[in-house]
>>> print(open('run22.txt').read())   # compact mmCIF, C-alpha atoms and all ligand atoms
# COMPACT_ATOMS: atom_id res chain seq x y z
CA MET A 1 11.20 -28.12 -7.29
CA PRO A 2 9.52 -24.69 -6.92
CA ILE A 3 5.89 -24.68 -8.04
CA LEU A 4 5.40 -20.96 -8.73
CA LYS A 5 5.96 -21.22 -12.48
CA ARG A 6 3.46 -24.06 -12.86
CA LEU A 7 0.99 -22.39 -10.52
CA THR A 8 0.92 -19.10 -12.44
CA ARG A 9 0.73 -20.99 -15.77
CA LEU A 10 -2.52 -22.63 -14.64
CA TYR A 11 -4.05 -19.15 -14.85
CA GLU A 12 -2.00 -17.41 -17.54
CA SER A 13 -2.62 -20.23 -20.04
CA ARG A 14 -6.35 -19.67 -19.50
CA GLY A 15 -6.27 -15.93 -20.11
CA ILE A 16 -6.00 -14.84 -16.45
CA HIS A 17 -3.03 -12.63 -15.65
CA ILE A 18 -1.38 -12.94 -12.25
CA SER A 19 0.18 -10.24 -10.15
CA THR A 20 1.78 -11.47 -6.93
CA GLY A 21 4.39 -10.38 -4.41
CA LEU A 22 4.54 -6.68 -5.32
CA ASN A 23 6.22 -4.48 -2.74
CA PRO A 24 3.65 -2.26 -0.93
CA CYS A 25 6.35 0.44 -0.43
CA HIS A 26 6.30 0.98 -4.20
CA PHE A 27 2.53 1.35 -4.29
CA GLY A 28 1.64 3.88 -1.61
CA ASN A 29 1.93 1.26 1.17
CA LEU A 30 -1.21 -0.51 -0.02
CA PRO A 31 -0.88 -3.89 1.77
CA GLN A 32 -3.06 -5.76 -0.75
CA VAL A 33 -0.53 -5.37 -3.58
CA ASN A 34 1.59 -8.03 -1.92
CA PHE A 35 -1.11 -10.68 -2.37
CA THR A 36 -2.22 -12.44 -5.55
CA TRP A 37 -4.46 -10.68 -8.06
CA PHE A 38 -6.30 -12.38 -10.90
CA ILE A 39 -6.86 -10.08 -13.84
CA LYS A 40 -9.03 -10.81 -16.84
CA ASP A 41 -9.81 -8.28 -19.58
CA GLY A 42 -8.23 -5.55 -17.46
CA GLU A 43 -10.42 -6.22 -14.41
CA SER A 44 -9.74 -7.91 -11.09
CA LEU A 45 -11.69 -11.19 -10.96
CA THR A 46 -12.24 -11.17 -7.21
CA ASN A 47 -11.54 -9.24 -4.03
CA GLY A 48 -10.80 -12.61 -2.36
CA LEU A 49 -7.11 -12.20 -3.22
CA GLY A 50 -4.82 -15.22 -3.17
CA ILE A 51 -2.05 -15.76 -0.66
CA ALA A 52 1.23 -13.91 -1.26
CA MET A 53 4.24 -15.25 -3.15
CA GLN A 54 6.24 -15.41 0.10
CA GLU A 55 3.47 -17.52 1.63
CA ILE A 56 3.73 -19.99 -1.25
CA TYR A 57 7.42 -20.23 -0.40
CA PHE A 58 6.52 -20.82 3.25
CA LEU A 59 4.28 -23.75 2.21
CA GLU A 60 7.11 -25.22 0.16
CA CYS A 61 9.45 -25.02 3.15
CA LEU A 62 6.80 -26.51 5.44
CA PHE A 63 6.25 -29.52 3.19
CA ALA A 64 9.88 -30.08 2.20
CA ASP A 65 10.08 -33.01 4.64
CA ARG A 66 6.47 -33.98 5.27
CA GLN A 67 3.85 -35.48 3.01
CA PRO A 68 0.27 -34.95 4.15
CA LYS A 69 -2.36 -37.29 2.71
CA ASN A 70 -5.47 -35.24 3.40
CA VAL A 71 -5.48 -31.48 3.10
CA PHE A 72 -8.53 -29.36 3.90
CA VAL A 73 -8.90 -25.72 2.83
CA ILE A 74 -11.53 -23.25 4.10
CA GLY A 75 -11.81 -20.36 1.61
CA ASN A 76 -11.13 -21.41 -1.98
CA SER A 77 -11.89 -18.13 -3.77
CA ALA A 78 -10.14 -18.36 -7.19
CA GLY A 79 -8.33 -21.55 -6.14
CA TRP A 80 -4.81 -20.12 -5.76
CA SER A 81 -3.92 -21.64 -2.36
CA SER A 82 -5.82 -24.87 -3.18
CA PHE A 83 -3.79 -25.33 -6.38
CA ALA A 84 -0.57 -24.44 -4.54
CA LEU A 85 -1.21 -27.14 -1.93
CA ALA A 86 -2.14 -29.69 -4.60
CA LEU A 87 1.04 -28.96 -6.61
CA ILE A 88 3.31 -29.05 -3.54
CA ASN A 89 1.70 -32.28 -2.26
CA PRO A 90 0.90 -34.34 -5.38
CA ALA A 91 0.24 -37.45 -3.30
CA ALA A 92 -2.42 -35.75 -1.17
CA ARG A 93 -6.17 -35.40 -1.59
CA VAL A 94 -6.95 -31.69 -1.36
CA VAL A 95 -10.50 -30.61 -0.55
CA ALA A 96 -11.39 -26.92 -0.56
CA ILE A 97 -14.68 -25.38 0.49
CA ASP A 98 -16.07 -21.94 -0.17
CA ALA A 99 -19.33 -20.39 0.96
CA GLY A 100 -19.81 -19.00 -2.55
CA PHE A 101 -21.63 -15.94 -1.23
CA ASP A 102 -20.73 -13.97 -4.36
CA ARG A 103 -20.61 -14.79 -8.06
CA ASN A 104 -16.79 -14.66 -8.17
CA ALA A 105 -16.46 -17.28 -5.43
CA LEU A 106 -18.96 -19.55 -7.23
CA GLU A 107 -17.08 -19.16 -10.51
CA GLY A 108 -13.86 -19.85 -8.56
CA LEU A 109 -15.27 -23.24 -7.47
CA ASP A 110 -16.11 -24.17 -11.09
CA PHE A 111 -12.75 -22.93 -12.33
CA THR A 112 -10.87 -24.91 -9.65
CA ASN A 113 -12.67 -28.18 -10.46
CA ARG A 114 -12.29 -27.75 -14.23
CA VAL A 115 -8.57 -26.91 -14.09
CA ALA A 116 -7.84 -29.63 -11.50
CA ALA A 117 -9.42 -32.21 -13.84
CA GLU A 118 -7.54 -30.86 -16.88
CA GLU A 119 -4.21 -30.89 -15.00
CA GLY A 120 -4.70 -34.25 -13.30
CA LEU A 121 -4.62 -32.83 -9.77
CA ASP A 122 -6.35 -34.60 -6.87
CA LEU A 123 -8.23 -31.45 -5.86
CA ARG A 124 -11.94 -30.95 -5.29
CA ALA A 125 -13.66 -27.65 -4.60
CA VAL A 126 -17.05 -27.79 -2.89
CA GLN A 127 -19.60 -25.12 -2.05
CA ALA A 128 -20.09 -25.26 1.73
CA VAL A 129 -20.23 -22.82 4.61
CA SER A 130 -17.93 -23.22 7.61
CA PRO A 131 -18.39 -24.33 10.31
CA ASP A 132 -21.70 -26.11 9.66
CA GLY A 133 -20.75 -27.57 6.27
CA ILE A 134 -17.38 -29.03 7.30
CA ALA A 135 -18.56 -32.38 8.71
CA ALA A 136 -20.49 -33.39 5.58
CA VAL A 137 -17.72 -32.40 3.17
CA ALA A 138 -14.96 -34.00 5.23
CA GLY A 139 -17.00 -37.20 5.58
CA ALA A 140 -17.76 -37.39 1.86
CA GLN A 141 -14.52 -36.19 0.28
CA MET A 142 -11.52 -37.06 2.47
CA THR A 143 -9.72 -40.39 2.21
CA GLY A 144 -8.72 -40.31 5.90
CA PRO A 145 -8.23 -37.90 8.80
CA ILE A 146 -7.11 -34.38 7.88
CA ASP A 147 -3.37 -33.93 8.44
CA PHE A 148 -3.11 -30.36 7.19
CA ALA A 149 -5.79 -27.65 7.35
CA PHE A 150 -5.52 -24.21 5.80
CA ILE A 151 -8.03 -21.75 7.25
CA ASP A 152 -8.65 -18.65 5.12
CA GLY A 153 -12.42 -18.12 5.17
CA TYR A 154 -14.25 -15.49 7.21
CA HIS A 155 -11.78 -13.40 9.21
CA SER A 156 -13.08 -12.81 12.73
CA VAL A 157 -11.85 -13.89 16.16
CA GLU A 158 -14.99 -15.97 16.78
CA GLN A 159 -14.97 -17.56 13.32
CA VAL A 160 -11.41 -18.91 13.52
CA VAL A 161 -12.34 -20.65 16.78
CA ARG A 162 -15.49 -22.09 15.13
CA ASP A 163 -13.49 -23.22 12.05
CA PHE A 164 -10.93 -24.98 14.24
CA THR A 165 -13.56 -26.58 16.47
CA ALA A 166 -15.42 -27.94 13.43
CA LEU A 167 -12.25 -29.33 11.82
CA ARG A 168 -10.77 -30.96 14.92
CA PRO A 169 -13.01 -34.08 15.07
CA HIS A 170 -12.04 -34.90 11.44
CA ALA A 171 -8.34 -34.29 11.96
CA ASP A 172 -5.39 -36.45 12.91
CA PRO A 173 -3.89 -35.63 16.35
CA ALA A 174 -0.70 -34.60 14.49
CA CYS A 175 -2.66 -32.34 12.14
CA ILE A 176 -1.08 -28.95 11.44
CA TYR A 177 -3.49 -26.00 11.24
CA LEU A 178 -2.37 -22.93 9.34
CA PHE A 179 -4.40 -19.71 9.63
CA HIS A 180 -4.05 -16.90 7.09
CA ASP A 181 -4.31 -13.15 7.87
CA VAL A 182 -3.98 -13.51 11.66
CA HIS A 183 -1.82 -10.44 12.25
CA GLU A 184 -3.49 -8.48 9.44
CA PHE A 185 -6.97 -8.98 10.96
CA LYS A 186 -5.87 -9.02 14.63
CA LEU A 187 -7.09 -12.56 15.14
CA GLN A 188 -4.55 -13.38 17.90
CA PRO A 189 -7.23 -13.65 20.66
CA GLY A 190 -8.89 -16.38 18.59
CA LEU A 191 -5.61 -18.26 18.37
CA GLU A 192 -5.10 -17.94 22.12
CA GLU A 193 -8.57 -19.36 22.67
CA ILE A 194 -7.78 -22.26 20.29
CA ALA A 195 -4.58 -23.03 22.21
CA ARG A 196 -6.50 -22.87 25.50
CA LEU A 197 -9.24 -25.22 24.24
CA SER A 198 -6.89 -27.73 22.62
CA SER A 199 -3.64 -27.50 24.59
CA LEU A 200 -1.88 -27.22 21.22
CA ARG A 201 0.96 -24.77 20.62
CA TRP A 202 0.43 -21.73 18.43
CA GLN A 203 2.96 -19.49 16.80
CA LEU A 204 2.60 -16.25 14.90
CA LEU A 205 4.59 -16.16 11.64
CA LEU A 206 5.43 -12.50 11.18
CA GLY A 207 7.81 -13.46 8.38
CA THR A 208 4.77 -14.07 6.18
CA PRO A 209 3.06 -11.02 4.60
CA SER A 210 -0.38 -11.56 6.14
CA GLY A 211 1.06 -12.65 9.50
CA MET A 212 -0.10 -16.26 9.38
CA ALA A 213 -0.30 -18.41 12.52
CA ILE A 214 0.33 -22.10 12.92
CA VAL A 215 -1.21 -24.48 15.49
CA TYR A 216 0.31 -27.90 16.16
CA ASP A 217 1.16 -30.55 18.69
CA ALA A 218 4.79 -29.95 19.61
CA THR A 219 5.26 -33.56 20.82
CA LEU A 220 3.83 -35.16 17.68
CA CYS A 221 5.55 -32.69 15.33
CA PRO A 222 9.01 -32.30 16.93
CA ALA A 223 10.72 -30.96 13.78
CA LEU A 224 8.15 -28.26 13.10
CA ALA A 225 9.63 -25.58 15.37
CA ASP A 226 12.89 -25.69 13.38
CA ASP A 227 11.07 -25.61 10.03
CA ILE A 228 9.08 -22.50 10.85
CA ALA A 229 11.88 -20.72 12.76
CA PRO A 230 12.99 -18.57 9.77
CA PHE A 231 9.44 -17.21 9.50
CA CYS A 232 9.15 -16.24 13.18
CA ALA A 233 10.81 -12.92 13.86
CA HIS A 234 13.00 -13.15 16.97
CA GLU A 235 11.75 -11.19 19.98
CA SER A 236 14.90 -9.04 20.17
CA ALA A 237 14.75 -8.28 16.43
CA LEU A 238 11.13 -7.25 16.80
CA THR A 239 11.94 -4.88 19.67
CA LEU A 240 14.69 -3.29 17.59
CA VAL A 241 12.59 -2.97 14.42
CA GLU A 242 9.65 -1.54 16.36
CA ALA A 243 11.93 1.05 18.02
CA GLU A 244 13.31 2.05 14.61
CA PHE A 245 9.80 2.29 13.20
CA TRP A 246 8.74 4.54 16.11
CA GLN A 247 11.78 6.78 15.59
CA CYS A 248 11.09 7.10 11.87
CA ARG A 249 7.54 8.14 12.65
CA HIS A 250 8.47 10.75 15.27
CA ARG A 251 11.92 12.01 14.22
CA ARG A 252 11.98 15.84 13.92
CA ARG A 253 13.44 16.65 10.55
CA ARG A 254 14.90 20.01 9.47
CA PRO A 255 12.35 21.50 7.12
CA THR A 256 13.48 22.14 3.56
CA ALA A 257 13.35 25.67 2.08
CA ALA A 258 10.13 24.75 0.26
CA GLN A 259 8.60 23.44 3.51
CA THR A 260 9.63 26.63 5.34
CA ARG A 261 7.85 28.75 2.74
CA HIS A 262 4.88 26.47 3.12
CA ILE A 263 4.98 26.81 6.92
CA TRP A 264 4.96 30.62 6.68
CA GLY A 265 2.14 30.42 4.18
CA THR A 266 3.93 32.53 1.61
CA THR A 267 6.57 32.36 -1.06
CA TRP A 268 7.90 35.81 -0.10
CA PRO A 269 10.66 37.03 0.11
CA ARG A 270 12.51 35.49 -2.78
CA ILE A 271 15.64 37.68 -2.34
CA SER A 272 17.78 38.21 0.72
CA PRO A 273 17.14 41.27 2.96
CA PRO A 274 20.36 43.12 1.78
CA GLY A 275 19.34 42.51 -1.84
CA LEU A 276 15.90 43.90 -1.09
CA ALA A 277 17.45 47.03 0.51
CA LEU A 278 19.61 47.60 -2.59
CA VAL A 279 16.61 47.39 -4.91
CA TRP A 280 14.77 49.83 -2.65
CA ILE A 281 17.61 52.37 -2.78
CA LEU A 282 18.12 52.12 -6.53
CA THR A 283 14.42 52.31 -7.34
CA TYR A 284 13.26 55.09 -5.02
CA HIS A 285 16.02 56.94 -3.21
CA LEU A 286 18.53 57.69 -5.99
CA PRO A 287 15.94 58.99 -8.50
CA ALA A 288 14.43 61.14 -5.75
CA ARG A 289 17.82 62.71 -5.01
CA ARG A 290 18.56 63.33 -8.68
CA SER A 291 15.12 64.88 -9.10
CA ALA A 292 15.84 67.27 -6.26
CA ALA A 293 19.02 68.40 -8.07
CA TRP A 294 17.17 68.99 -11.33
CA LEU A 295 14.45 70.87 -9.52
CA SER A 296 16.89 73.64 -8.78
CA LEU A 297 17.06 74.41 -12.55
CA SER A 298 14.47 76.66 -14.21
CA ALA A 299 13.59 77.20 -17.85
CA VAL A 300 11.95 80.19 -19.62
CA SER A 301 8.52 79.36 -20.82
CA PRO A 302 7.83 80.49 -24.46
CA THR A 303 4.22 81.66 -24.71
CA ILE A 304 1.74 82.91 -27.34
CA GLY A 305 0.06 86.39 -27.59
CA PHE A 306 0.41 88.77 -24.67
CA SER A 307 2.04 86.22 -22.75
CA THR A 308 4.99 86.43 -25.18
CA LEU A 309 5.83 89.86 -23.71
CA PRO A 310 8.65 89.70 -21.22
CA ALA A 311 6.32 90.91 -18.48
CA PHE A 312 4.20 87.90 -19.02
CA ALA A 313 7.02 85.59 -19.48
CA LYS A 314 6.95 83.22 -16.61
CA LEU A 315 9.51 80.95 -15.40
CA MET A 316 8.88 77.28 -15.65
CA ARG A 317 9.10 75.86 -12.22
CA THR A 318 8.42 72.38 -13.35
CA GLY A 319 11.14 70.16 -12.17
CA ALA A 320 13.08 68.69 -15.03
CA PHE A 321 13.69 65.13 -14.19
CA ALA A 322 16.68 63.33 -15.49
CA PRO A 323 15.20 61.04 -18.15
CA GLY A 324 17.11 57.91 -17.20
CA ALA A 325 16.25 57.91 -13.53
CA ALA A 326 12.79 59.38 -13.68
CA GLY A 327 11.18 56.91 -16.02
CA PRO A 328 9.52 57.51 -19.39
CA TRP A 329 6.36 59.32 -18.20
CA ARG A 330 8.45 61.86 -16.35
CA CYS A 331 10.74 62.37 -19.38
CA ALA A 332 7.75 64.02 -21.06
CA ALA A 333 8.04 67.00 -18.70
CA ALA A 334 11.56 67.71 -19.87
CA ALA A 335 11.12 66.80 -23.53
CA SER A 336 7.78 68.46 -24.32
CA PRO A 337 7.51 72.14 -25.38
CA PRO A 338 7.51 74.47 -22.35
CA ARG A 339 4.01 75.48 -21.35
CA PRO A 340 2.72 78.34 -19.29
CA LEU A 341 1.99 77.90 -15.68
C1 LIG B 401 -9.43 -14.45 1.24
S1 LIG B 401 -10.45 -15.48 0.30
C2 LIG B 401 -9.55 -16.95 0.20
C3 LIG B 401 -8.34 -16.87 -0.67
C4 LIG B 401 -7.75 -18.21 -0.98
N1 LIG B 401 -7.40 -18.94 0.21
C5 LIG B 401 -6.52 -18.08 -1.86
O1 LIG B 401 -5.40 -17.98 -1.36
O2 LIG B 401 -6.69 -18.01 -3.08
C6 LIG B 401 -11.72 -15.85 1.44
C7 LIG B 401 -12.79 -16.78 0.87
O3 LIG B 401 -13.50 -17.36 1.96
C8 LIG B 401 -14.85 -17.51 1.61
N2 LIG B 401 -15.62 -17.58 2.86
C9 LIG B 401 -15.96 -16.57 3.69
N3 LIG B 401 -16.64 -17.05 4.75
C10 LIG B 401 -16.73 -18.38 4.60
C11 LIG B 401 -17.31 -19.42 5.36
N4 LIG B 401 -17.93 -19.18 6.53
N5 LIG B 401 -17.22 -20.68 4.90
C12 LIG B 401 -16.58 -20.94 3.74
N6 LIG B 401 -16.02 -20.01 2.97
C13 LIG B 401 -16.08 -18.75 3.40
C14 LIG B 401 -15.16 -16.31 0.73
O4 LIG B 401 -16.23 -16.59 -0.14
C15 LIG B 401 -13.83 -16.07 0.00
O5 LIG B 401 -13.87 -16.65 -1.27
>>> encode(input="run22.txt", output="structure tokens", more="lines below")
Ligand SMILES: C[S@@+](CC[C@H](N)C(=O)[O-])C[C@H]1O[C@@H](n2cnc3c(N)ncnc32)[C@H](O)[C@@H]1O
Amino acid sequence: MPILKRLTRLYESRGIHISTGLNPCHFGNLPQVNFTWFIKDGESLTNGLGIAMQEIYFLECLFADRQPKNVFVIGNSAGWSSFALALINPAARVVAIDAGFDRNALEGLDFTNRVAAEEGLDLRAVQAVSPDGIAAVAGAQMTGPIDFAFIDGYHSVEQVVRDFTALRPHADPACIYLFHDVHEFKLQPGLEEIARLSSLRWQLLLGTPSGMAIVYDATLCPALADDIAPFCAHESALTLVEAEFWQCRHRRRRPTAAQTRHIWGTTWPRISPPGLALVWILTYHLPARRSAAWLSLSAVSPTIGFSTLPAFAKLMRTGAFAPGAAGPWRCAAAASPPRPL
């Protein structure tokens, strides 16, 4: 039975809204949107986001046919993955530690213990720093050797090796170790070192949003490879997807008209060259020709005083522009009373 509804209700019924599994493509490719956010009074409770919805589904698939008795979590934060493991494995003791370096992580420990008690879950959250704090907590809280460990604390290559090395003495030989954020934080060299130190097998799970990795003994867990297979992208599929991704990045696309204008740094011209030529002719050349024709006409200039005598009468040589073509200011020359030169 899927646990997602019950898991989100643990928070929603206590006034904390959950957002999980959003598609980064719809949110400017921000990878974090895929993970689990805890929102109270319009604010995010922590930047230690919970694992993604798809990763909850991965856990359900992983535990469909196995029942761990002792589960250890490094990195409790707001308790999301700890609660998920407790709900999926109701017969297990789940112990989660968190360094509690910030107020949110400390409140997350209190919240986890309070809700676990209210819901009857066998889950304890303890303030402890990995790797040094692991031995004491495991000794005091576990009912037997660890058979599943979820490592989601400090994300560095050195730290994942330290976390694993500290857990190993308290773990069953068939223990399964699941590391969060391996691909996201480029922790693969740490996983290689773990495999070298332990002779265990490790596998990257690119079918999980953070790119989790799993470490296990292939002889003691013979069915595991089949269980995780759907979450491991096949090598040939990866090659194909990566080639497609590269092409998308580098494909030369025909620029749109708007892009072309942008490239030339101007929005001009907005009409085609023949259209521009037509406007040019109609605006300048035709009126100029018509003006030349009207220029050949002369008008007698009526004058006042001596200048009214025929001897003084002078011919207007002002060109009379055709009103329509010449424009209103030029019409004045033709329409106004004749004036002496
Ligand atoms: C990404 S969050 C864990 C999210 C959590 N697993 C979930 O899915 O809800 C990482 C947490 O690890 C804790 N942490 C960091 N370094 C640690 C360390 N050395 N030991 C224990 N906890 C640590 C941080 O305080 C933080 O709360």
>>> closest_residue(input="run22.txt", among="A:Thr283, A:Asn34, A:Ser236, A:Ser130", to="ligand LIG 401 (chain B)", atoms="only C-alpha atoms and all ligand atoms")
A:Ser130
>>> axis_aligned_box(input="run22.txt", around="ligand LIG 401 (chain B)", padding_each_side="5 Å", output="JSON")
{"center_x": -11.7, "center_y": -17.7, "center_z": 1.7, "size_x": 22.5, "size_y": 16.5, "size_z": 19.6}
>>> residues_near_ligand(input="run22.txt", ligand="ligand LIG 401 (chain B)", cutoff="9 Å", atoms="only C-alpha atoms and all ligand atoms", output="compact mmCIF listing (two decimals) with C-alpha atoms, keeping the file's coordinate frame")
# COMPACT_ATOMS: atom_id res chain seq x y z
CA PHE A 35 -1.11 -10.68 -2.37
CA THR A 36 -2.22 -12.44 -5.55
CA THR A 46 -12.24 -11.17 -7.21
CA ASN A 47 -11.54 -9.24 -4.03
CA GLY A 48 -10.80 -12.61 -2.36
CA LEU A 49 -7.11 -12.20 -3.22
CA GLY A 50 -4.82 -15.22 -3.17
CA ILE A 51 -2.05 -15.76 -0.66
CA ALA A 52 1.23 -13.91 -1.26
CA VAL A 73 -8.90 -25.72 2.83
CA ILE A 74 -11.53 -23.25 4.10
CA GLY A 75 -11.81 -20.36 1.61
CA ASN A 76 -11.13 -21.41 -1.98
CA SER A 77 -11.89 -18.13 -3.77
CA ALA A 78 -10.14 -18.36 -7.19
CA GLY A 79 -8.33 -21.55 -6.14
CA TRP A 80 -4.81 -20.12 -5.76
CA SER A 81 -3.92 -21.64 -2.36
CA SER A 82 -5.82 -24.87 -3.18
CA PHE A 83 -3.79 -25.33 -6.38
CA ALA A 84 -0.57 -24.44 -4.54
CA ALA A 96 -11.39 -26.92 -0.56
CA ILE A 97 -14.68 -25.38 0.49
CA ASP A 98 -16.07 -21.94 -0.17
CA ALA A 99 -19.33 -20.39 0.96
CA GLY A 100 -19.81 -19.00 -2.55
CA PHE A 101 -21.63 -15.94 -1.23
CA ASP A 102 -20.73 -13.97 -4.36
CA ASN A 104 -16.79 -14.66 -8.17
CA ALA A 105 -16.46 -17.28 -5.43
CA LEU A 106 -18.96 -19.55 -7.23
CA GLY A 108 -13.86 -19.85 -8.56
CA GLN A 127 -19.60 -25.12 -2.05
CA ALA A 128 -20.09 -25.26 1.73
CA VAL A 129 -20.23 -22.82 4.61
CA SER A 130 -17.93 -23.22 7.61
CA PRO A 131 -18.39 -24.33 10.31
CA ASP A 132 -21.70 -26.11 9.66
CA GLY A 133 -20.75 -27.57 6.27
CA ILE A 134 -17.38 -29.03 7.30
CA PHE A 150 -5.52 -24.21 5.80
CA ILE A 151 -8.03 -21.75 7.25
CA ASP A 152 -8.65 -18.65 5.12
CA GLY A 153 -12.42 -18.12 5.17
CA TYR A 154 -14.25 -15.49 7.21
CA HIS A 155 -11.78 -13.40 9.21
CA GLN A 159 -14.97 -17.56 13.32
CA ASP A 163 -13.49 -23.22 12.05
CA HIS A 180 -4.05 -16.90 7.09
CA ASP A 181 -4.31 -13.15 7.87
>>> atom_distance(input="run22.txt", atom1="CA of Ala237 (chain A)", atom2="CA of Gly207 (chain A)")
11.8 Å
>>> atom_distance(input="run22.txt", atom1="CA of Met212 (chain A)", atom2="CA of Val241 (chain A)")
19.1 Å
>>> closest_residue(input="run22.txt", among="A:Val71, A:Pro173, A:Ala218, A:Leu121", to="Gln141 (chain A)", atoms="all atoms listed in the file")
A:Val71
>>> atom_distance(input="run22.txt", atom1="CA of Asn89 (chain A)", atom2="CA of Pro31 (chain A)")
28.8 Å
>>> residues_around(input="run22.txt", residues="Ala174 (chain A)", least_positions_apart="4", cutoff="8 Å", atoms="all atoms listed in the file", output="VMD selection string")
chain A and resid 147 216 to 217 220 to 221
>>> closest_residue(input="run22.txt", among="A:Leu123, A:Ala135, A:Met142, A:Leu240", to="Ala166 (chain A)", atoms="only C-alpha atoms")
A:Ala135
>>> closest_residue(input="run22.txt", among="A:Ile88, A:Leu59, A:Val182, A:Leu22", to="Arg6 (chain A)", atoms="all atoms listed in the file")
A:Ile88
>>> residues_around(input="run22.txt", residues="Asp65 (chain A)", least_positions_apart="2", cutoff="12 Å", atoms="all atoms listed in the file", output="PDB file with C-alpha atoms, keeping the file's coordinate frame")
ATOM      1  CA  LEU A  59       4.280 -23.750   2.210  1.00  0.00           C
ATOM      2  CA  GLU A  60       7.110 -25.220   0.160  1.00  0.00           C
ATOM      3  CA  CYS A  61       9.450 -25.020   3.150  1.00  0.00           C
ATOM      4  CA  LEU A  62       6.800 -26.510   5.440  1.00  0.00           C
ATOM      5  CA  PHE A  63       6.250 -29.520   3.190  1.00  0.00           C
ATOM      6  CA  GLN A  67       3.850 -35.480   3.010  1.00  0.00           C
ATOM      7  CA  PRO A  68       0.270 -34.950   4.150  1.00  0.00           C
ATOM      8  CA  ILE A  88       3.310 -29.050  -3.540  1.00  0.00           C
ATOM      9  CA  ASN A  89       1.700 -32.280  -2.260  1.00  0.00           C
ATOM     10  CA  CYS A 221       5.550 -32.690  15.330  1.00  0.00           C
ATOM     11  CA  ALA A 223      10.720 -30.960  13.780  1.00  0.00           C
ATOM     12  CA  LEU A 224       8.150 -28.260  13.100  1.00  0.00           C
ATOM     13  CA  ASP A 226      12.890 -25.690  13.380  1.00  0.00           C
ATOM     14  CA  ASP A 227      11.070 -25.610  10.030  1.00  0.00           C
TER      15      ASP A 227
END
>>> closest_residue(input="run22.txt", among="A:Phe185, A:Phe38, A:Phe231, A:Tyr177", to="Ser210 (chain A)", atoms="only C-alpha atoms")
A:Phe185
>>> decode(input="run22.txt", residues="region 114-135 of chain A", atoms="C-alpha atoms", output="compact mmCIF listing (two decimals), in the first residue's frame")
# COMPACT_ATOMS: atom_id res chain seq x y z
CA ARG A 114 6.71 14.15 18.85
CA VAL A 115 4.94 12.99 15.67
CA ALA A 116 6.44 9.47 15.85
CA ALA A 117 5.05 9.12 19.39
CA GLU A 118 1.63 10.50 18.38
CA GLU A 119 1.44 8.16 15.36
CA GLY A 120 2.78 5.07 17.13
CA LEU A 121 5.84 4.75 14.90
CA ASP A 122 9.02 3.03 16.11
CA LEU A 123 11.20 5.99 15.15
CA ARG A 124 13.70 7.92 17.24
CA ALA A 125 15.54 11.05 16.19
CA VAL A 126 18.77 11.86 18.02
CA GLN A 127 21.11 14.84 17.88
CA ALA A 128 24.53 13.46 16.90
CA VAL A 129 27.28 14.30 14.46
CA SER A 130 28.53 11.71 11.97
CA PRO A 131 30.93 9.98 11.97
CA ASP A 132 31.96 10.40 15.63
CA GLY A 133 28.45 10.15 17.09
CA ILE A 134 27.38 7.00 15.23
CA ALA A 135 28.84 4.36 17.58
